[in-house]
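Quick look at run_14.csv (CSV, C-alpha atoms):
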```csv
chain,number,residue,atom,x,y,z
A,1,ILE,CA,-26.3,2.0,-0.9
A,2,GLY,CA,-22.9,2.7,0.7
A,3,ARG,CA,-23.5,6.4,0.2
A,4,LEU,CA,-26.8,6.5,2.0
A,5,PRO,CA,-26.5,7.7,5.6
A,6,GLY,CA,-29.3,5.5,6.9
A,7,PHE,CA,-27.1,2.4,7.0
A,8,SER,CA,-24.9,1.6,9.9
A,9,MET,CA,-21.8,1.6,7.7
A,10,GLY,CA,-23.2,4.0,5.2
A,11,ASN,CA,-22.4,7.6,4.2
A,12,ILE,CA,-19.1,6.6,2.5
A,13,SER,CA,-18.0,6.4,-1.1
A,14,THR,CA,-15.1,5.1,-3.1
A,15,HIS,CA,-12.9,8.0,-4.2
A,16,SER,CA,-9.2,8.9,-4.6
A,17,TYR,CA,-7.5,11.6,-2.6
A,18,THR,CA,-4.1,12.7,-3.6
A,19,GLU,CA,-1.7,15.6,-2.9
A,20,TYR,CA,1.1,17.0,-5.1
A,21,GLU,CA,3.6,19.6,-3.9
A,22,ALA,CA,5.1,22.0,-6.4
A,23,SER,CA,5.2,25.6,-7.4
A,24,TYR,CA,2.0,26.1,-9.5
A,25,ASP,CA,1.0,28.9,-11.9
A,26,MET,CA,-2.7,29.0,-10.9
A,27,ASP,CA,-3.8,30.4,-14.3
A,28,VAL,CA,-2.1,27.5,-16.1
A,29,LEU,CA,-3.3,24.9,-13.6
A,30,THR,CA,-6.9,26.1,-13.9
A,31,LEU,CA,-6.7,26.3,-17.7
A,32,THR,CA,-5.3,22.8,-18.1
A,33,LEU,CA,-7.8,21.3,-15.7
A,34,ASN,CA,-10.6,22.8,-17.7
A,35,GLN,CA,-9.0,21.4,-20.9
A,36,LEU,CA,-9.2,18.0,-19.4
A,37,ILE,CA,-12.8,18.5,-18.3
A,38,GLU,CA,-13.6,19.4,-21.9
A,39,ARG,CA,-11.6,16.4,-23.3
A,40,HIS,CA,-12.9,13.7,-21.0
A,41,GLY,CA,-16.7,13.4,-20.8
A,42,MET,CA,-16.7,11.4,-17.6
A,43,LEU,CA,-15.3,14.5,-15.8
A,44,ARG,CA,-18.7,16.1,-16.7
A,45,ALA,CA,-20.7,13.1,-15.6
A,46,VAL,CA,-23.6,13.1,-13.1
A,47,VAL,CA,-25.9,10.3,-12.0
A,48,LEU,CA,-29.6,10.7,-12.6
A,49,PRO,CA,-32.2,9.6,-10.0
A,50,SER,CA,-32.9,6.6,-12.2
A,51,GLY,CA,-29.3,5.4,-11.6
A,52,GLU,CA,-28.2,6.2,-15.2
A,53,GLN,CA,-25.1,8.3,-15.9
A,54,ARG,CA,-25.4,11.5,-17.9
A,55,ILE,CA,-22.5,13.3,-19.5
A,56,LEU,CA,-23.2,17.0,-19.5
A,57,PRO,CA,-22.5,18.5,-23.0
A,58,ARG,CA,-20.7,21.4,-21.3
A,59,ALA,CA,-19.7,22.3,-17.8
A,60,GLU,CA,-19.1,25.7,-16.2
A,61,PRO,CA,-15.4,26.5,-16.0
A,62,TYR,CA,-14.0,25.0,-12.9
A,63,ALA,CA,-12.3,27.5,-10.6
A,64,ILE,CA,-9.7,26.0,-8.3
A,65,PRO,CA,-10.0,27.5,-4.8
A,66,VAL,CA,-6.7,28.6,-3.2
A,67,LEU,CA,-6.1,28.7,0.5
A,68,ASP,CA,-3.1,30.9,1.3
A,69,ILE,CA,-1.4,29.8,4.5
A,70,SER,CA,2.0,31.2,3.6
A,71,ALA,CA,1.9,33.8,6.4
A,72,TYR,CA,1.0,31.2,9.1
A,73,ASP,CA,3.6,29.9,11.6
A,74,ASP,CA,4.7,26.3,11.2
A,75,ALA,CA,2.1,24.9,13.7
A,76,ALA,CA,-0.8,26.8,12.1
A,77,ARG,CA,0.3,25.7,8.6
A,78,GLU,CA,0.4,22.1,9.7
A,79,HIS,CA,-3.0,22.5,11.3
A,80,ALA,CA,-4.5,24.1,8.2
A,81,LEU,CA,-3.1,21.4,5.9
A,82,ALA,CA,-4.4,18.6,8.3
A,83,ALA,CA,-7.9,20.2,8.2
A,84,VAL,CA,-7.9,20.2,4.4
A,85,ARG,CA,-6.7,16.6,4.3
A,86,ALA,CA,-9.3,15.5,6.9
A,87,GLU,CA,-12.1,17.1,4.9
A,88,MET,CA,-11.1,16.0,1.4
A,89,SER,CA,-9.8,12.5,2.2
A,90,HIS,CA,-13.3,11.5,3.5
A,91,MET,CA,-15.5,13.3,0.9
A,92,VAL,CA,-18.7,11.8,-0.3
A,93,HIS,CA,-19.5,13.6,-3.6
A,94,ASP,CA,-23.2,14.1,-4.4
A,95,PRO,CA,-23.5,12.0,-7.6
A,96,TYR,CA,-26.5,14.0,-8.8
A,97,VAL,CA,-24.5,17.3,-8.9
A,98,TRP,CA,-21.5,18.2,-11.0
A,99,PRO,CA,-18.6,18.0,-10.3
A,100,LEU,CA,-17.9,14.6,-8.9
A,101,PHE,CA,-14.5,15.8,-8.0
A,102,ASP,CA,-12.8,18.5,-5.9
A,103,VAL,CA,-9.5,20.2,-6.7
A,104,ARG,CA,-8.0,22.8,-4.4
A,105,VAL,CA,-4.6,24.4,-3.8
A,106,THR,CA,-3.0,25.4,-0.5
A,107,LYS,CA,-0.3,27.9,-0.9
A,108,VAL,CA,2.3,27.0,1.7
A,109,SER,CA,5.0,29.5,0.9
A,110,ALA,CA,6.0,31.9,-1.9
A,111,THR,CA,7.5,28.9,-3.8
A,112,LEU,CA,5.5,25.9,-2.7
A,113,SER,CA,1.9,24.9,-2.9
A,114,VAL,CA,0.0,21.7,-2.3
A,115,LEU,CA,-2.5,20.5,-5.0
A,116,HIS,CA,-5.3,18.5,-3.4
A,117,THR,CA,-7.5,16.3,-5.5
A,118,SER,CA,-10.5,14.2,-4.7
A,119,PHE,CA,-12.1,12.2,-7.5
A,120,ASP,CA,-15.2,10.0,-7.0
A,121,LEU,CA,-14.6,6.6,-8.5
A,122,LEU,CA,-18.0,6.6,-10.1
A,123,ILE,CA,-16.4,8.6,-12.9
A,124,LEU,CA,-12.8,7.2,-13.0
A,125,ASP,CA,-11.1,4.0,-12.2
A,126,ALA,CA,-7.4,3.7,-11.2
A,127,THR,CA,-6.1,3.4,-14.7
A,128,SER,CA,-8.1,6.4,-15.8
A,129,LEU,CA,-6.8,8.4,-12.8
A,130,PHE,CA,-3.2,7.6,-13.9
A,131,GLN,CA,-4.0,8.6,-17.5
A,132,LEU,CA,-5.7,11.8,-16.3
A,133,PHE,CA,-2.7,12.8,-14.1
A,134,SER,CA,-0.3,11.9,-16.9
A,135,GLU,CA,-2.2,14.1,-19.3
A,136,TRP,CA,-2.4,17.0,-16.8
A,137,SER,CA,1.3,16.8,-16.2
A,138,GLN,CA,2.0,16.9,-19.9
A,139,LEU,CA,-0.3,19.9,-20.4
A,140,LEU,CA,1.4,21.7,-17.5
A,141,SER,CA,4.8,21.0,-19.2
A,142,GLY,CA,3.6,22.7,-22.4
A,143,HIS,CA,2.1,19.9,-24.4
A,144,ALA,CA,-0.4,21.4,-26.9
A,145,GLY,CA,-3.1,18.8,-26.3
A,146,TRP,CA,-4.6,15.9,-28.1
A,147,PRO,CA,-7.4,15.2,-30.6
A,148,ALA,CA,-10.9,14.5,-29.2
A,149,VAL,CA,-11.4,11.2,-27.4
A,150,PRO,CA,-13.3,9.0,-29.9
A,151,LEU,CA,-14.9,6.9,-27.2
A,152,SER,CA,-17.7,7.9,-24.9
A,153,PHE,CA,-20.0,6.4,-22.2
A,154,ARG,CA,-23.0,8.0,-23.9
```
Can you turn what I pasted into structure tokens?
Amino acid sequence: IGRLPGFSMGNISTHSYTEYEASYDMDVLTLTLNQLIERHGMLRAVVLPSGEQRILPRAEPYAIPVLDISAYDDAAREHALAAVRAEMSHMVHDPYVWPLFDVRVTKVSATLSVLHTSFDLLILDATSLFQLFSEWSQLLSGHAGWPAVPLSFR
């Protein structure tokens, strides 16, 4: 009900918005995110009109959009970052359409980027988010991966 715009306090959802500043290799960042999507079924979940969750057997490769603001002056860079934050920190993901998350990168300079993530909490709880970011960090550091997750919400 909270997602429905017809209610006076509607059109909101529970989600997590985070930012991480670092120097990212976009090919590696995208590859590792897609490995996580393949590994964790709930990252491929959608909600059916009946209210049931469905895990898609496969998802299209996720392409991380990049906004390059490295040539902007300081004020324009701050304005552009604030605009991304304002949009992503108040997202209401459509639960019927994959993905129920949004991952973007803003290139701030030649050596610094901001990774923006928004995850709908229909698919992850706080502990799962910590696990997901821990695994992503390990993959980005060169970890080869893990065996398939034996549990499923199917």
Å distance separating CA of Met91 in chain A from CA of Thr117 in chain A, one decimal place: 10.7 Å
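With distances restricted to all atoms listed in the file, A:Ala63 is the closest residue to Leu31 in chain A from A:Ala82, A:Val105, A:Ala63, A:Leu151.
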Restrict the calculation to all atoms listed in the file, then for each residue of range 15-82 of chain A with any atom at most 8 Å from an atom of range 126-139 of chain A give the closest atom pair and their distance in Å to one decimal, rows by chain and rising residue number, as JSON lines.
```
{"residue": "A:Thr32", "atom": "CA", "partner": "A:Leu139", "partner_atom": "CA", "distance": 6.2}
{"residue": "A:Leu33", "atom": "CA", "partner": "A:Trp136", "partner_atom": "CA", "distance": 7.0}
{"residue": "A:Leu36", "atom": "CA", "partner": "A:Trp136", "partner_atom": "CA", "distance": 7.3}
```
Using C-alpha atoms, can you export the residues from the last selection as a tab-separated table (two decimals), keeping the file's coordinate frame?
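Output file part-v4.tsv follows:
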```tsv
chain	number	residue	atom	x	y	z
A	32	THR	CA	-5.30	22.80	-18.10
A	33	LEU	CA	-7.80	21.30	-15.70
A	36	LEU	CA	-9.20	18.00	-19.40
```
List the neighbours of Ala45 in chain A out to 8 Å using all atoms listed in the file; skip same-chain residues closer than 4 positions along the sequence, and give me the result as an mmCIF file with C-alpha atoms, in the coordinates of the input.
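Resulting contents of out_23.cif:
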```cif
data_model
loop_
_atom_site.group_PDB
_atom_site.id
_atom_site.type_symbol
_atom_site.label_atom_id
_atom_site.label_comp_id
_atom_site.auth_asym_id
_atom_site.auth_seq_id
_atom_site.Cartn_x
_atom_site.Cartn_y
_atom_site.Cartn_z
ATOM 1 C CA GLY A 41 -16.700 13.400 -20.800
ATOM 2 C CA GLN A 53 -25.100 8.300 -15.900
ATOM 3 C CA ARG A 54 -25.400 11.500 -17.900
ATOM 4 C CA ILE A 55 -22.500 13.300 -19.500
ATOM 5 C CA LEU A 56 -23.200 17.000 -19.500
ATOM 6 C CA TRP A 98 -21.500 18.200 -11.000
ATOM 7 C CA PRO A 99 -18.600 18.000 -10.300
ATOM 8 C CA LEU A 100 -17.900 14.600 -8.900
ATOM 9 C CA ILE A 123 -16.400 8.600 -12.900
#
```
Contact residues around Phe101 in chain A with only C-alpha atoms at 8 Å, ignoring same-chain residues under 6 positions, as number ranges by chain: A: 43, 93, 117-120
Output C-alpha atoms for every residue in that selection, as a compact mmCIF listing (two decimals), in the coordinates of the input.
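Written output follows (out-v8.txt):
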```
# COMPACT_ATOMS: atom_id res chain seq x y z
CA LEU A 43 -15.30 14.50 -15.80
CA HIS A 93 -19.50 13.60 -3.60
CA THR A 117 -7.50 16.30 -5.50
CA SER A 118 -10.50 14.20 -4.70
CA PHE A 119 -12.10 12.20 -7.50
CA ASP A 120 -15.20 10.00 -7.00
```
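Once all atoms listed in the file are considered, the residues situated within 8 Å of the file point (-3.2, 28.7, -2.4) turn out to be Pro65, Val66, Leu67, Asp68, Ile69, Arg104, Val105, Thr106, Lys107, Val108, Ser113 and Val114 of chain A.
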Prev. selection, C-alpha atoms, output as a compact mmCIF listing (two decimals), in the coordinates of the input:
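Ended up saving to result15.txt:
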```txt
# COMPACT_ATOMS: atom_id res chain seq x y z
CA PRO A 65 -10.00 27.50 -4.80
CA VAL A 66 -6.70 28.60 -3.20
CA LEU A 67 -6.10 28.70 0.50
CA ASP A 68 -3.10 30.90 1.30
CA ILE A 69 -1.40 29.80 4.50
CA ARG A 104 -8.00 22.80 -4.40
CA VAL A 105 -4.60 24.40 -3.80
CA THR A 106 -3.00 25.40 -0.50
CA LYS A 107 -0.30 27.90 -0.90
CA VAL A 108 2.30 27.00 1.70
CA SER A 113 1.90 24.90 -2.90
CA VAL A 114 0.00 21.70 -2.30
```
Using only C-alpha atoms, which residues sit within 12 Å of His90 in chain A once same-chain residues fewer than 3 positions away are excluded, as a compact mmCIF listing (two decimals) with C-alpha atoms, in the coordinates of the input?
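Output contents, as saved in around_14.txt:
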```
# COMPACT_ATOMS: atom_id res chain seq x y z
CA ARG A 3 -23.50 6.40 0.20
CA ASN A 11 -22.40 7.60 4.20
CA ILE A 12 -19.10 6.60 2.50
CA SER A 13 -18.00 6.40 -1.10
CA THR A 14 -15.10 5.10 -3.10
CA HIS A 15 -12.90 8.00 -4.20
CA SER A 16 -9.20 8.90 -4.60
CA TYR A 17 -7.50 11.60 -2.60
CA THR A 18 -4.10 12.70 -3.60
CA ALA A 83 -7.90 20.20 8.20
CA VAL A 84 -7.90 20.20 4.40
CA ARG A 85 -6.70 16.60 4.30
CA ALA A 86 -9.30 15.50 6.90
CA GLU A 87 -12.10 17.10 4.90
CA HIS A 93 -19.50 13.60 -3.60
CA ASP A 102 -12.80 18.50 -5.90
CA THR A 117 -7.50 16.30 -5.50
CA SER A 118 -10.50 14.20 -4.70
CA PHE A 119 -12.10 12.20 -7.50
CA ASP A 120 -15.20 10.00 -7.00
```
Closest of A:Leu81, A:Ile64, A:Leu48, A:Ala71 to Ser109 in chain A - atom-to-atom distances counting all atoms listed in the file: A:Ala71
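Taking CA of Met42 in chain A and CA of Ala148 in chain A as endpoints, the distance between them is 13.3 Å.
Distance-wise, CA of Glu21 in chain A and CA of His116 in chain A end up 9.0 Å apart.
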Protein, DNA and RNA residues within 8 Å of (-26.4, 15.0, -9.4), only C-alpha atoms, as a ChimeraX atom specification: /A:46-49,94-98
Using all atoms listed in the file: which of A:Tyr62, A:Pro150, A:Ala144, A:Leu115 has the shortest distance to Ala22 in chain A: A:Leu115
Output file request: range 58-70 of chain A, with all heavy atoms, as a PDB file, in the first residue's frame.
```
ATOM      1  N   ARG A  58      17.155 -16.193 -15.480  1.00  0.00           N
ATOM      2  CA  ARG A  58      18.306 -15.431 -15.952  1.00  0.00           C
ATOM      3  C   ARG A  58      17.870 -13.972 -16.094  1.00  0.00           C
ATOM      4  O   ARG A  58      16.702 -13.683 -16.290  1.00  0.00           O
ATOM      5  CB  ARG A  58      18.776 -15.944 -17.316  1.00  0.00           C
ATOM      6  CG  ARG A  58      19.600 -17.204 -17.257  1.00  0.00           C
ATOM      7  CD  ARG A  58      20.014 -17.702 -18.631  1.00  0.00           C
ATOM      8  NE  ARG A  58      18.932 -18.131 -19.514  1.00  0.00           N
ATOM      9  CZ  ARG A  58      18.165 -19.192 -19.323  1.00  0.00           C
ATOM     10  NH1 ARG A  58      18.332 -19.933 -18.263  1.00  0.00           N
ATOM     11  NH2 ARG A  58      17.235 -19.518 -20.175  1.00  0.00           N
ATOM     12  N   ALA A  59      18.821 -13.107 -16.032  1.00  0.00           N
ATOM     13  CA  ALA A  59      18.553 -11.686 -16.249  1.00  0.00           C
ATOM     14  C   ALA A  59      19.507 -11.180 -17.326  1.00  0.00           C
ATOM     15  O   ALA A  59      20.598 -11.714 -17.502  1.00  0.00           O
ATOM     16  CB  ALA A  59      18.763 -10.903 -14.956  1.00  0.00           C
ATOM     17  N   GLU A  60      19.064 -10.165 -18.026  1.00  0.00           N
ATOM     18  CA  GLU A  60      19.943  -9.518 -19.000  1.00  0.00           C
ATOM     19  C   GLU A  60      21.162  -8.968 -18.256  1.00  0.00           C
ATOM     20  O   GLU A  60      21.041  -8.535 -17.112  1.00  0.00           O
ATOM     21  CB  GLU A  60      19.206  -8.377 -19.699  1.00  0.00           C
ATOM     22  CG  GLU A  60      18.090  -8.828 -20.602  1.00  0.00           C
ATOM     23  CD  GLU A  60      18.586  -9.645 -21.775  1.00  0.00           C
ATOM     24  OE1 GLU A  60      19.619  -9.265 -22.390  1.00  0.00           O
ATOM     25  OE2 GLU A  60      17.967 -10.682 -22.069  1.00  0.00           O
ATOM     26  N   PRO A  61      22.323  -8.961 -18.881  1.00  0.00           N
ATOM     27  CA  PRO A  61      23.486  -8.364 -18.214  1.00  0.00           C
ATOM     28  C   PRO A  61      23.192  -6.923 -17.808  1.00  0.00           C
ATOM     29  O   PRO A  61      22.624  -6.160 -18.587  1.00  0.00           O
ATOM     30  CB  PRO A  61      24.593  -8.432 -19.279  1.00  0.00           C
ATOM     31  CG  PRO A  61      24.166  -9.542 -20.191  1.00  0.00           C
ATOM     32  CD  PRO A  61      22.660  -9.507 -20.201  1.00  0.00           C
ATOM     33  N   TYR A  62      23.550  -6.597 -16.583  1.00  0.00           N
ATOM     34  CA  TYR A  62      23.313  -5.254 -16.072  1.00  0.00           C
ATOM     35  C   TYR A  62      24.463  -4.358 -16.510  1.00  0.00           C
ATOM     36  O   TYR A  62      25.624  -4.666 -16.261  1.00  0.00           O
ATOM     37  CB  TYR A  62      23.207  -5.280 -14.543  1.00  0.00           C
ATOM     38  CG  TYR A  62      22.726  -3.972 -13.967  1.00  0.00           C
ATOM     39  CD1 TYR A  62      21.368  -3.733 -13.803  1.00  0.00           C
ATOM     40  CD2 TYR A  62      23.620  -2.977 -13.604  1.00  0.00           C
ATOM     41  CE1 TYR A  62      20.912  -2.526 -13.281  1.00  0.00           C
ATOM     42  CE2 TYR A  62      23.179  -1.773 -13.076  1.00  0.00           C
ATOM     43  CZ  TYR A  62      21.826  -1.548 -12.922  1.00  0.00           C
ATOM     44  OH  TYR A  62      21.376  -0.360 -12.418  1.00  0.00           O
ATOM     45  N   ALA A  63      24.126  -3.269 -17.167  1.00  0.00           N
ATOM     46  CA  ALA A  63      25.131  -2.282 -17.584  1.00  0.00           C
ATOM     47  C   ALA A  63      25.055  -1.105 -16.620  1.00  0.00           C
ATOM     48  O   ALA A  63      23.987  -0.519 -16.433  1.00  0.00           O
ATOM     49  CB  ALA A  63      24.857  -1.824 -19.009  1.00  0.00           C
ATOM     50  N   ILE A  64      26.160  -0.791 -15.994  1.00  0.00           N
ATOM     51  CA  ILE A  64      26.203   0.307 -15.025  1.00  0.00           C
ATOM     52  C   ILE A  64      26.385   1.622 -15.778  1.00  0.00           C
ATOM     53  O   ILE A  64      27.411   1.831 -16.426  1.00  0.00           O
ATOM     54  CB  ILE A  64      27.349   0.117 -14.013  1.00  0.00           C
ATOM     55  CG1 ILE A  64      27.177  -1.205 -13.248  1.00  0.00           C
ATOM     56  CG2 ILE A  64      27.415   1.293 -13.049  1.00  0.00           C
ATOM     57  CD1 ILE A  64      28.348  -1.560 -12.351  1.00  0.00           C
ATOM     58  N   PRO A  65      25.400   2.520 -15.686  1.00  0.00           N
ATOM     59  CA  PRO A  65      25.562   3.816 -16.357  1.00  0.00           C
ATOM     60  C   PRO A  65      26.623   4.669 -15.659  1.00  0.00           C
ATOM     61  O   PRO A  65      26.760   4.625 -14.438  1.00  0.00           O
ATOM     62  CB  PRO A  65      24.186   4.479 -16.225  1.00  0.00           C
ATOM     63  CG  PRO A  65      23.282   3.495 -15.586  1.00  0.00           C
ATOM     64  CD  PRO A  65      24.102   2.373 -15.054  1.00  0.00           C
ATOM     65  N   VAL A  66      27.358   5.421 -16.459  1.00  0.00           N
ATOM     66  CA  VAL A  66      28.405   6.292 -15.931  1.00  0.00           C
ATOM     67  C   VAL A  66      28.095   7.731 -16.350  1.00  0.00           C
ATOM     68  O   VAL A  66      27.871   8.014 -17.528  1.00  0.00           O
ATOM     69  CB  VAL A  66      29.798   5.892 -16.462  1.00  0.00           C
ATOM     70  CG1 VAL A  66      30.867   6.853 -15.967  1.00  0.00           C
ATOM     71  CG2 VAL A  66      30.123   4.463 -16.079  1.00  0.00           C
ATOM     72  N   LEU A  67      28.092   8.611 -15.375  1.00  0.00           N
ATOM     73  CA  LEU A  67      27.972  10.043 -15.618  1.00  0.00           C
ATOM     74  C   LEU A  67      29.343  10.646 -15.373  1.00  0.00           C
ATOM     75  O   LEU A  67      29.856  10.592 -14.253  1.00  0.00           O
ATOM     76  CB  LEU A  67      26.935  10.661 -14.663  1.00  0.00           C
ATOM     77  CG  LEU A  67      26.818  12.183 -14.681  1.00  0.00           C
ATOM     78  CD1 LEU A  67      26.347  12.679 -16.051  1.00  0.00           C
ATOM     79  CD2 LEU A  67      25.878  12.653 -13.580  1.00  0.00           C
ATOM     80  N   ASP A  68      29.949  11.204 -16.414  1.00  0.00           N
ATOM     81  CA  ASP A  68      31.284  11.786 -16.298  1.00  0.00           C
ATOM     82  C   ASP A  68      31.158  13.290 -16.059  1.00  0.00           C
ATOM     83  O   ASP A  68      30.779  14.043 -16.956  1.00  0.00           O
ATOM     84  CB  ASP A  68      32.093  11.514 -17.564  1.00  0.00           C
ATOM     85  CG  ASP A  68      33.543  11.952 -17.447  1.00  0.00           C
ATOM     86  OD1 ASP A  68      33.909  12.642 -16.473  1.00  0.00           O
ATOM     87  OD2 ASP A  68      34.323  11.596 -18.353  1.00  0.00           O
ATOM     88  N   ILE A  69      31.468  13.712 -14.838  1.00  0.00           N
ATOM     89  CA  ILE A  69      31.427  15.138 -14.500  1.00  0.00           C
ATOM     90  C   ILE A  69      32.827  15.663 -14.193  1.00  0.00           C
ATOM     91  O   ILE A  69      32.977  16.716 -13.590  1.00  0.00           O
ATOM     92  CB  ILE A  69      30.460  15.400 -13.318  1.00  0.00           C
ATOM     93  CG1 ILE A  69      30.905  14.658 -12.050  1.00  0.00           C
ATOM     94  CG2 ILE A  69      29.033  15.037 -13.698  1.00  0.00           C
ATOM     95  CD1 ILE A  69      30.122  15.035 -10.801  1.00  0.00           C
ATOM     96  N   SER A  70      33.831  14.918 -14.631  1.00  0.00           N
ATOM     97  CA  SER A  70      35.213  15.272 -14.293  1.00  0.00           C
ATOM     98  C   SER A  70      35.645  16.612 -14.892  1.00  0.00           C
ATOM     99  O   SER A  70      36.545  17.259 -14.357  1.00  0.00           O
ATOM    100  CB  SER A  70      36.175  14.166 -14.722  1.00  0.00           C
ATOM    101  OG  SER A  70      36.092  13.942 -16.118  1.00  0.00           O
TER     102      SER A  70
END
```
